[in-house]
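Novice: Structure file structure-v4.pdb (PDB, C-alpha atoms (C1' of nucleotides)) right here:
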ATOM      1  CA  MET A  26     143.403  62.071  77.237
ATOM      2  CA  PRO A  27     140.271  60.895  75.454
ATOM      3  CA  SER A  28     136.814  61.403  76.912
ATOM      4  CA  LEU A  29     135.399  58.902  79.378
ATOM      5  CA  PRO A  30     133.095  56.102  78.218
ATOM      6  CA  ASN A  31     129.538  57.259  77.484
ATOM      7  CA  THR A  32     130.583  60.833  76.962
ATOM      8  CA  LEU A  33     131.057  62.918  73.854
ATOM      9  CA  ARG A  34     133.876  65.420  73.635
ATOM     10  CA  VAL A  35     132.563  68.282  71.490
ATOM     11  CA  ALA A  36     134.992  70.992  70.391
ATOM     12  CA  THR A  37     134.781  74.243  68.470
ATOM     13  CA  TRP A  38     137.674  75.992  66.759
ATOM     14  CA  ASN A  39     137.936  78.915  64.386
ATOM     15  CA  ILE A  40     140.931  77.529  62.527
ATOM     16  CA  ASN A  41     141.458  80.479  60.134
ATOM     17  CA  SER A  42     142.222  78.353  57.032
ATOM     18  CA  VAL A  43     141.962  74.581  57.342
ATOM     19  CA  ARG A  44     144.365  74.004  54.440
ATOM     20  CA  LEU A  45     147.125  76.131  55.894
ATOM     21  CA  ARG A  46     146.770  74.501  59.311
ATOM     22  CA  ILE A  47     145.943  70.895  58.417
ATOM     23  CA  ASP A  48     149.013  69.557  60.255
ATOM     24  CA  LEU A  49     148.155  71.628  63.324
ATOM     25  CA  LEU A  50     144.610  70.235  63.168
ATOM     26  CA  THR A  51     145.592  66.566  62.839
ATOM     27  CA  GLY A  52     148.155  66.887  65.625
ATOM     28  CA  TRP A  53     145.514  68.410  67.894
ATOM     29  CA  LEU A  54     142.954  65.719  66.943
ATOM     30  CA  LYS A  55     145.431  63.009  67.941
ATOM     31  CA  ASP A  56     146.206  64.777  71.207
ATOM     32  CA  ILE A  57     142.718  65.774  72.396
ATOM     33  CA  GLN A  58     140.729  63.024  70.626
ATOM     34  CA  PRO A  59     137.487  64.973  70.363
ATOM     35  CA  ASP A  60     134.440  63.015  69.176
ATOM     36  CA  VAL A  61     132.934  66.011  67.396
ATOM     37  CA  VAL A  62     134.644  69.132  66.071
ATOM     38  CA  CYS A  63     132.988  72.318  64.836
ATOM     39  CA  LEU A  64     135.321  74.268  62.554
ATOM     40  CA  GLN A  65     134.898  77.852  61.353
ATOM     41  CA  GLU A  66     136.706  79.993  58.804
ATOM     42  CA  ILE A  67     137.880  76.996  56.832
ATOM     43  CA  LYS A  68     138.289  79.447  53.908
ATOM     44  CA  CYS A  69     137.878  76.911  51.123
ATOM     45  CA  ILE A  70     135.221  75.347  48.924
ATOM     46  CA  ASP A  71     133.936  71.842  49.710
ATOM     47  CA  GLU A  72     136.139  70.239  47.027
ATOM     48  CA  ALA A  73     139.310  71.747  48.497
ATOM     49  CA  PHE A  74     138.670  70.557  52.072
ATOM     50  CA  PRO A  75     141.520  68.257  53.204
ATOM     51  CA  ARG A  76     139.282  65.251  53.767
ATOM     52  CA  GLU A  77     141.804  62.423  53.479
ATOM     53  CA  GLU A  78     144.041  63.554  56.328
ATOM     54  CA  ILE A  79     141.049  63.850  58.663
ATOM     55  CA  GLU A  80     139.233  60.708  57.528
ATOM     56  CA  ALA A  81     142.463  58.784  58.172
ATOM     57  CA  LEU A  82     141.959  59.595  61.863
ATOM     58  CA  GLY A  83     138.478  58.065  61.847
ATOM     59  CA  TYR A  84     136.268  61.098  61.324
ATOM     60  CA  ASN A  85     133.182  61.597  59.197
ATOM     61  CA  ILE A  86     132.993  65.046  57.642
ATOM     62  CA  ALA A  87     130.271  67.498  56.622
ATOM     63  CA  VAL A  88     131.385  70.728  54.949
ATOM     64  CA  HIS A  89     129.638  73.972  54.071
ATOM     65  CA  GLY A  90     132.475  75.731  52.288
ATOM     66  CA  GLN A  91     133.028  79.034  50.530
ATOM     67  CA  LYS A  92     135.856  80.412  48.447
ATOM     68  CA  SER A  93     138.378  82.573  50.333
ATOM     69  CA  TYR A  94     136.181  83.549  53.267
ATOM     70  CA  ASN A  95     134.010  81.992  55.954
ATOM     71  CA  GLY A  96     133.142  78.300  55.607
ATOM     72  CA  VAL A  97     132.173  75.877  58.383
ATOM     73  CA  ALA A  98     132.511  72.123  58.893
ATOM     74  CA  LEU A  99     131.628  69.294  61.245
ATOM     75  CA  LEU A 100     133.950  66.362  62.022
ATOM     76  CA  SER A 101     132.576  63.375  63.909
ATOM     77  CA  LYS A 102     133.750  59.957  65.042
ATOM     78  CA  TYR A 103     130.083  58.927  64.770
ATOM     79  CA  SER A 104     127.760  59.193  61.800
ATOM     80  CA  LEU A 105     126.419  62.605  60.821
ATOM     81  CA  GLU A 106     122.730  62.643  59.984
ATOM     82  CA  ASP A 107     120.128  65.268  59.012
ATOM     83  CA  VAL A 108     122.826  67.688  57.874
ATOM     84  CA  LYS A 109     121.476  71.218  57.422
ATOM     85  CA  LYS A 110     123.543  73.954  55.754
ATOM     86  CA  GLY A 111     122.717  77.605  56.247
ATOM     87  CA  LEU A 112     120.027  79.387  58.268
ATOM     88  CA  ASP A 113     116.601  80.216  56.891
ATOM     89  CA  GLY A 114     115.289  83.755  56.763
ATOM     90  CA  ASP A 115     117.454  85.491  54.122
ATOM     91  CA  GLU A 116     117.514  84.029  50.640
ATOM     92  CA  ASN A 117     120.112  86.617  49.564
ATOM     93  CA  ASP A 118     122.650  85.445  52.160
ATOM     94  CA  ASP A 119     125.409  83.597  50.293
ATOM     95  CA  GLN A 120     127.897  83.407  53.172
ATOM     96  CA  ALA A 121     128.677  79.932  54.547
ATOM     97  CA  ARG A 122     128.314  80.390  58.289
ATOM     98  CA  TYR A 123     126.110  77.584  59.627
ATOM     99  CA  ILE A 124     126.074  73.801  59.484
ATOM    100  CA  GLU A 125     124.128  71.486  61.753
ATOM    101  CA  ALA A 126     123.824  67.715  62.096
ATOM    102  CA  VAL A 127     122.643  64.959  64.377
ATOM    103  CA  ILE A 128     125.462  62.914  65.871
ATOM    104  CA  SER A 129     124.213  59.372  66.086
ATOM    105  CA  VAL A 130     125.749  57.304  68.889
ATOM    106  CA  ALA A 131     124.605  53.801  69.789
ATOM    107  CA  GLY A 132     121.336  54.283  71.635
ATOM    108  CA  ALA A 133     121.651  58.065  71.834
ATOM    109  CA  ALA A 134     121.864  61.185  69.727
ATOM    110  CA  MET A 135     123.047  64.741  70.050
ATOM    111  CA  ARG A 136     122.467  67.653  67.706
ATOM    112  CA  VAL A 137     125.440  69.931  67.076
ATOM    113  CA  ALA A 138     125.828  73.108  65.019
ATOM    114  CA  SER A 139     129.002  74.865  63.864
ATOM    115  CA  ILE A 140     128.363  78.601  63.716
ATOM    116  CA  TYR A 141     130.469  81.465  62.394
ATOM    117  CA  LEU A 142     128.577  84.566  63.395
ATOM    118  CA  PRO A 143     129.409  87.735  61.436
ATOM    119  CA  ASN A 144     131.926  90.138  62.924
ATOM    120  CA  GLY A 145     129.760  93.202  62.249
ATOM    121  CA  ASN A 146     132.446  95.876  62.084
ATOM    122  CA  PRO A 147     132.422  98.681  61.138
ATOM    123  CA  VAL A 148     129.169  99.313  62.985
ATOM    124  CA  ASP A 149     128.075 102.211  60.761
ATOM    125  CA  THR A 150     127.947  99.931  57.690
ATOM    126  CA  PRO A 151     125.459  97.257  56.557
ATOM    127  CA  LYS A 152     127.760  94.669  58.125
ATOM    128  CA  TYR A 153     126.387  95.414  61.575
ATOM    129  CA  GLY A 154     122.764  95.025  60.503
ATOM    130  CA  TYR A 155     123.701  91.720  58.880
ATOM    131  CA  LYS A 156     125.190  90.549  62.174
ATOM    132  CA  LEU A 157     122.068  91.462  64.161
ATOM    133  CA  ARG A 158     119.754  89.855  61.602
ATOM    134  CA  PHE A 159     121.933  86.733  61.593
ATOM    135  CA  ILE A 160     121.451  86.433  65.358
ATOM    136  CA  ASP A 161     117.689  86.848  64.847
ATOM    137  CA  ARG A 162     117.744  83.987  62.332
ATOM    138  CA  LEU A 163     119.774  81.876  64.765
ATOM    139  CA  ILE A 164     117.235  82.643  67.502
ATOM    140  CA  THR A 165     114.474  81.351  65.233
ATOM    141  CA  ARG A 166     116.390  78.122  64.588
ATOM    142  CA  ALA A 167     117.359  77.679  68.255
ATOM    143  CA  ARG A 168     113.729  78.079  69.299
ATOM    144  CA  GLU A 169     112.743  75.244  66.931
ATOM    145  CA  LEU A 170     115.546  72.976  68.128
ATOM    146  CA  LEU A 171     114.969  73.596  71.840
ATOM    147  CA  LYS A 172     111.360  72.464  71.428
ATOM    148  CA  LEU A 173     112.713  68.985  70.656
ATOM    149  CA  GLU A 174     114.072  68.754  74.225
ATOM    150  CA  GLU A 175     117.211  66.972  73.015
ATOM    151  CA  LYS A 176     120.851  67.257  73.879
ATOM    152  CA  LEU A 177     121.861  70.188  71.697
ATOM    153  CA  ILE A 178     125.120  72.125  71.382
ATOM    154  CA  LEU A 179     125.238  75.346  69.366
ATOM    155  CA  ALA A 180     128.980  75.881  69.103
ATOM    156  CA  GLY A 181     131.162  78.331  67.298
ATOM    157  CA  ASP A 182     132.734  81.718  66.870
ATOM    158  CA  TYR A 183     129.919  84.003  67.985
ATOM    159  CA  ASN A 184     131.934  87.204  67.654
ATOM    160  CA  VAL A 185     130.245  88.298  70.877
ATOM    161  CA  ILE A 186     131.979  89.207  74.132
ATOM    162  CA  PRO A 187     129.157  88.372  76.560
ATOM    163  CA  HIS A 188     130.369  90.330  79.602
ATOM    164  CA  ALA A 189     133.103  92.750  80.640
ATOM    165  CA  GLN A 190     134.922  89.937  82.440
ATOM    166  CA  ASP A 191     135.326  88.184  79.078
ATOM    167  CA  CYS A 192     137.694  90.840  77.789
ATOM    168  CA  TYR A 193     140.951  92.399  78.932
ATOM    169  CA  ASP A 194     139.661  95.970  78.760
ATOM    170  CA  ALA A 195     135.960  96.727  78.400
ATOM    171  CA  LYS A 196     136.720 100.365  77.560
ATOM    172  CA  ALA A 197     138.815  99.363  74.561
ATOM    173  CA  TRP A 198     135.895  97.350  73.172
ATOM    174  CA  ALA A 199     133.028  99.664  74.163
ATOM    175  CA  ASN A 200     132.196 100.795  70.614
ATOM    176  CA  ASP A 201     133.040  97.547  68.853
ATOM    177  CA  ALA A 202     130.459  95.319  67.153
ATOM    178  CA  LEU A 203     131.613  92.444  69.402
ATOM    179  CA  PHE A 204     130.713  94.256  72.621
ATOM    180  CA  LEU A 205     128.092  96.946  71.886
ATOM    181  CA  PRO A 206     125.092  96.791  74.241
ATOM    182  CA  THR A 207     122.841  96.031  71.262
ATOM    183  CA  THR A 208     125.019  93.030  70.351
ATOM    184  CA  ARG A 209     125.118  91.687  73.884
ATOM    185  CA  ALA A 210     121.381  92.187  74.355
ATOM    186  CA  LYS A 211     120.644  90.113  71.274
ATOM    187  CA  PHE A 212     123.050  87.411  72.459
ATOM    188  CA  GLN A 213     121.247  87.416  75.812
ATOM    189  CA  GLU A 214     117.955  87.058  73.952
ATOM    190  CA  LEU A 215     119.369  83.876  72.391
ATOM    191  CA  MET A 216     120.581  82.621  75.769
ATOM    192  CA  GLY A 217     117.197  83.469  77.259
ATOM    193  CA  LEU A 218     115.551  80.776  75.149
ATOM    194  CA  GLY A 219     117.090  78.302  77.598
ATOM    195  CA  LEU A 220     120.677  77.920  76.440
ATOM    196  CA  ASN A 221     123.608  77.679  78.822
ATOM    197  CA  ASP A 222     127.160  78.956  78.285
ATOM    198  CA  ALA A 223     129.144  75.753  78.970
ATOM    199  CA  LEU A 224     132.198  77.569  80.258
ATOM    200  CA  ARG A 225     130.160  79.587  82.735
ATOM    201  CA  LEU A 226     128.579  76.410  84.103
ATOM    202  CA  THR A 227     132.051  75.409  85.266
ATOM    203  CA  SER A 228     133.837  78.656  86.130
ATOM    204  CA  ASP A 229     133.137  82.299  86.965
ATOM    205  CA  GLU A 230     136.773  83.314  86.512
ATOM    206  CA  ALA A 231     137.589  86.466  84.577
ATOM    207  CA  GLY A 232     140.309  86.422  81.942
ATOM    208  CA  LEU A 233     139.392  83.151  80.245
ATOM    209  CA  TYR A 234     139.957  83.958  76.582
ATOM    210  CA  THR A 235     139.668  82.141  73.251
ATOM    211  CA  PHE A 236     141.021  84.826  70.896
ATOM    212  CA  TRP A 237     144.133  86.979  70.835
ATOM    213  CA  ASP A 238     144.709  89.358  67.921
ATOM    214  CA  TYR A 239     147.778  88.794  65.766
ATOM    215  CA  GLN A 240     148.522  92.526  66.088
ATOM    216  CA  ALA A 241     150.140  94.654  68.718
ATOM    217  CA  GLY A 242     151.608  91.816  70.743
ATOM    218  CA  ALA A 243     148.160  90.840  72.016
ATOM    219  CA  TRP A 244     149.171  87.239  72.777
ATOM    220  CA  PRO A 245     152.402  87.894  74.754
ATOM    221  CA  LYS A 246     150.544  90.611  76.673
ATOM    222  CA  ASN A 247     147.500  88.347  77.175
ATOM    223  CA  LEU A 248     145.158  90.933  75.701
ATOM    224  CA  GLY A 249     142.459  88.432  74.783
ATOM    225  CA  ILE A 250     138.715  88.124  74.497
ATOM    226  CA  ARG A 251     136.256  85.232  74.905
ATOM    227  CA  ILE A 252     134.102  84.977  71.793
ATOM    228  CA  ASP A 253     134.024  81.228  71.046
ATOM    229  CA  HIS A 254     131.179  79.567  72.893
ATOM    230  CA  LEU A 255     129.485  76.222  73.424
ATOM    231  CA  LEU A 256     125.801  76.880  74.123
ATOM    232  CA  LEU A 257     124.007  73.910  75.678
ATOM    233  CA  SER A 258     120.346  72.964  75.827
ATOM    234  CA  PRO A 259     119.114  72.116  79.356
ATOM    235  CA  GLU A 260     119.404  68.401  78.510
ATOM    236  CA  ALA A 261     123.038  68.832  77.463
ATOM    237  CA  ALA A 262     123.815  71.140  80.388
ATOM    238  CA  ASP A 263     122.545  68.519  82.846
ATOM    239  CA  SER A 264     125.069  66.079  81.362
ATOM    240  CA  LEU A 265     128.089  68.376  81.309
ATOM    241  CA  VAL A 266     131.261  66.856  82.768
ATOM    242  CA  GLN A 267     134.005  69.404  82.058
ATOM    243  CA  VAL A 268     135.067  72.280  79.793
ATOM    244  CA  GLN A 269     138.588  73.084  78.591
ATOM    245  CA  ILE A 270     140.153  75.906  76.590
ATOM    246  CA  ASP A 271     143.222  74.691  74.665
ATOM    247  CA  LYS A 272     145.182  77.866  75.302
ATOM    248  CA  HIS A 273     148.475  76.142  74.471
ATOM    249  CA  MET A 274     147.409  76.097  70.805
ATOM    250  CA  ARG A 275     148.045  79.852  70.586
ATOM    251  CA  ASN A 276     151.736  79.115  71.234
ATOM    252  CA  GLN A 277     152.150  76.786  68.262
ATOM    253  CA  GLU A 278     154.033  77.808  65.143
ATOM    254  CA  LYS A 279     151.706  79.606  62.703
ATOM    255  CA  PRO A 280     148.726  79.456  65.083
ATOM    256  CA  SER A 281     145.163  80.477  64.418
ATOM    257  CA  ASP A 282     144.232  83.645  66.302
ATOM    258  CA  HIS A 283     141.523  81.536  68.012
ATOM    259  CA  VAL A 284     142.137  78.474  70.200
ATOM    260  CA  PRO A 285     139.874  75.418  70.529
ATOM    261  CA  ILE A 286     137.394  75.068  73.376
ATOM    262  CA  TRP A 287     135.645  71.801  74.142
ATOM    263  CA  ALA A 288     133.181  70.163  76.506
ATOM    264  CA  ASP A 289     132.625  66.579  77.631
ATOM    265  CA  VAL A 290     128.920  65.719  77.752
ATOM    266  CA  ARG A 291     127.468  62.382  78.866
ATOM    267  CA  THR A 292     125.434  60.669  76.165
TER
ATOM    268  C1'  DA B   7     156.308 107.664  67.441
ATOM    269  C1'  DT B   8     150.752 105.353  70.856
ATOM    270  C1'  DG B   9     152.457 100.931  66.607
ATOM    271  C1'  DG B  10     153.269  96.133  66.007
ATOM    272  C1'  DC B  11     149.422  90.724  61.812
ATOM    273  C1'  DC B  12     147.750  87.376  58.862
ATOM    274  C1'  DA B  13     145.194  84.713  54.968
ATOM    275  C1'  DA B  14     143.456  84.239  50.109
ATOM    276  C1'  DT B  15     143.676  85.740  45.597
ATOM    277  C1'  DA B  16     144.953  84.007  38.213
ATOM    278  C1'  DT B  17     148.826  87.416  43.912
ATOM    279  C1'  DG B  18     152.944  91.704  44.243
ATOM    280  C1'  DA B  19     147.618  95.190  46.105
ATOM    281  C1'  DT B  20     143.361  94.447  47.892
ATOM    282  C1'  DT B  21     139.848  92.700  50.978
ATOM    283  C1'  DG B  22     138.481  90.895  55.288
ATOM    284  C1'  DG B  23     139.203  89.657  59.858
ATOM    285  C1'  DA B  24     138.394  91.303  65.293
TER
END
Transcribe the structure of this file into structure tokens.

Specialist:
Amino acid sequence: MPSLPNTLRVATWNINSVRLRIDLLTGWLKDIQPDVVCLQEIKCIDEAFPREEIEALGYNIAVHGQKSYNGVALLSKYSLEDVKKGLDGDENDDQARYIEAVISVAGAAMRVASIYLPNGNPVDTPKYGYKLRFIDRLITRARELLKLEEKLILAGDYNVIPHAQDCYDAKAWANDALFLPTTRAKFQELMGLGLNDALRLTSDEAGLYTFWDYQAGAWPKNLGIRIDHLLLSPEAADSLVQVQIDKHMRNQEKPSDHVPIWADVRT
DNA sequence: ATGGCCAATATGATTGGA
């Protein structure tokens, strides 16, 4: 079920080790046929990224890798231009959590970023401050990009539960870095620049999740949260066709704890 | 008894995830 002509299918997926799940990834690529894929938590350096298997399916690749942890990548059926790795604003930040590129399609272009926002737990450690500052740096970048008035998709694992309806039990998450009022306020500040949550442009349903913990039987009990988001500029939002969450991917053998979510956007 | 997992690492215990 590929996208229609003159549309781009843009997906994001926290794959939780691209090497371990390369067969799961290629099978999904063949099935869904996304034009652009934003990967997070690839957990390998650039040289260890399984390029050949993905290039064989017709994708160009841009990687911002890191040993063991983090790491983001962009896959695209079209050429990747103006690749930018990392966010400005903290020269001491050595974590690979951001990669951005322009997707060049005949007669059109779309800018896409793959983002792995810090988790931030425990909240009484420097990790939470790092998360909040990372969102500030993303806000700065988003403000610059929105000025261009282009089709823009900031996609990734935001580690933010935007609203109570995006989680199975708001009380259970009340004191967590993913759901604290301070976290959500900063996420809303980002959205307030003029970004649109693609899923919420198409549905106001509660219980639409993208992550289920490996622990405590979270998946069989459907105790999930929605933390993977596609944020669209007004130009991209105006061209949105549909959004899908590939929930079936959580049922695969050796799944990631996140599932892919994608949007079709007219070029 | 209120838990239960998983990935990477010069690996068999630790760190990080959410």

Novice: With only C-alpha atoms (C1' of nucleotides) as the counted atoms, please give the residues lying no more than 12 Å from stretch 230-242 of chain A, apart from itself and same-chain residues fewer than 6 positions off, as number ranges by chain.

Specialist: A: 37-41, 181-195, 224, 248-255, 268-276, 279-287; B: 8-13, 23-24

Novice: Translate the PyMOL selection byres ((chain A and resi 49) around 9), as applied to the file shown, into an explicit residue set as a PyMOL selection string.

Specialist: chain A and resi 45-48+50-54+274+277-280

Novice: Can you measure atom CA of A:Ala262 to atom CA of A:Lys211 for me? One decimal in Å is fine.

Specialist: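 Separation between atom CA of A:Ala262 and atom CA of A:Lys211: 21.3 Å.
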
Novice: Find the spatial neighbours of A:Arg34, counting all atoms listed in the file, within a cut-off of 8 Å - ignore same-chain residues fewer than 6 positions away - and output them as an mmCIF file with C-alpha atoms, keeping the file's coordinate frame.

Specialist:
data_model
loop_
_atom_site.group_PDB
_atom_site.id
_atom_site.type_symbol
_atom_site.label_atom_id
_atom_site.label_comp_id
_atom_site.auth_asym_id
_atom_site.auth_seq_id
_atom_site.Cartn_x
_atom_site.Cartn_y
_atom_site.Cartn_z
ATOM 1 C CA SER A 28 136.814 61.403 76.912
ATOM 2 C CA GLN A 58 140.729 63.024 70.626
ATOM 3 C CA PRO A 59 137.487 64.973 70.363
ATOM 4 C CA ASP A 60 134.440 63.015 69.176
ATOM 5 C CA VAL A 61 132.934 66.011 67.396
ATOM 6 C CA TRP A 287 135.645 71.801 74.142
ATOM 7 C CA ALA A 288 133.181 70.163 76.506
ATOM 8 C CA ASP A 289 132.625 66.579 77.631
ATOM 9 C CA VAL A 290 128.920 65.719 77.752
#

Novice: Do you have the atom CA of A:Val148-atom CA of A:Leu203 distance handy?

Specialist: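 Those two atoms sit 9.7 Å apart.
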
Novice: Please report, as CSV, each residue of chain B lying at most 8 Å from stretch 91-106 of chain A, together with the nearest pair of atoms and the separation in Å rounded to one decimal; use all atoms listed in the file, and order rows by chain and ascending residue number.

Specialist:
residue,atom,partner,partner_atom,distance
B:DA14,C1',A:Ser93,CA,5.3
B:DT15,C1',A:Ser93,CA,7.8
B:DG22,C1',A:Tyr94,CA,8.0

Novice: Using only C-alpha atoms (C1' of nucleotides), pick whichever of A:Ile128, A:Cys69, A:Val62, A:Ala81 has the shortest atom-to-atom distance to chain B.

Specialist: A:Cys69

Novice: I'd like the interatomic distance between atom CA of A:Trp244 and atom CA of A:Trp198, to a tenth of an Å.

Specialist: 16.7 Å
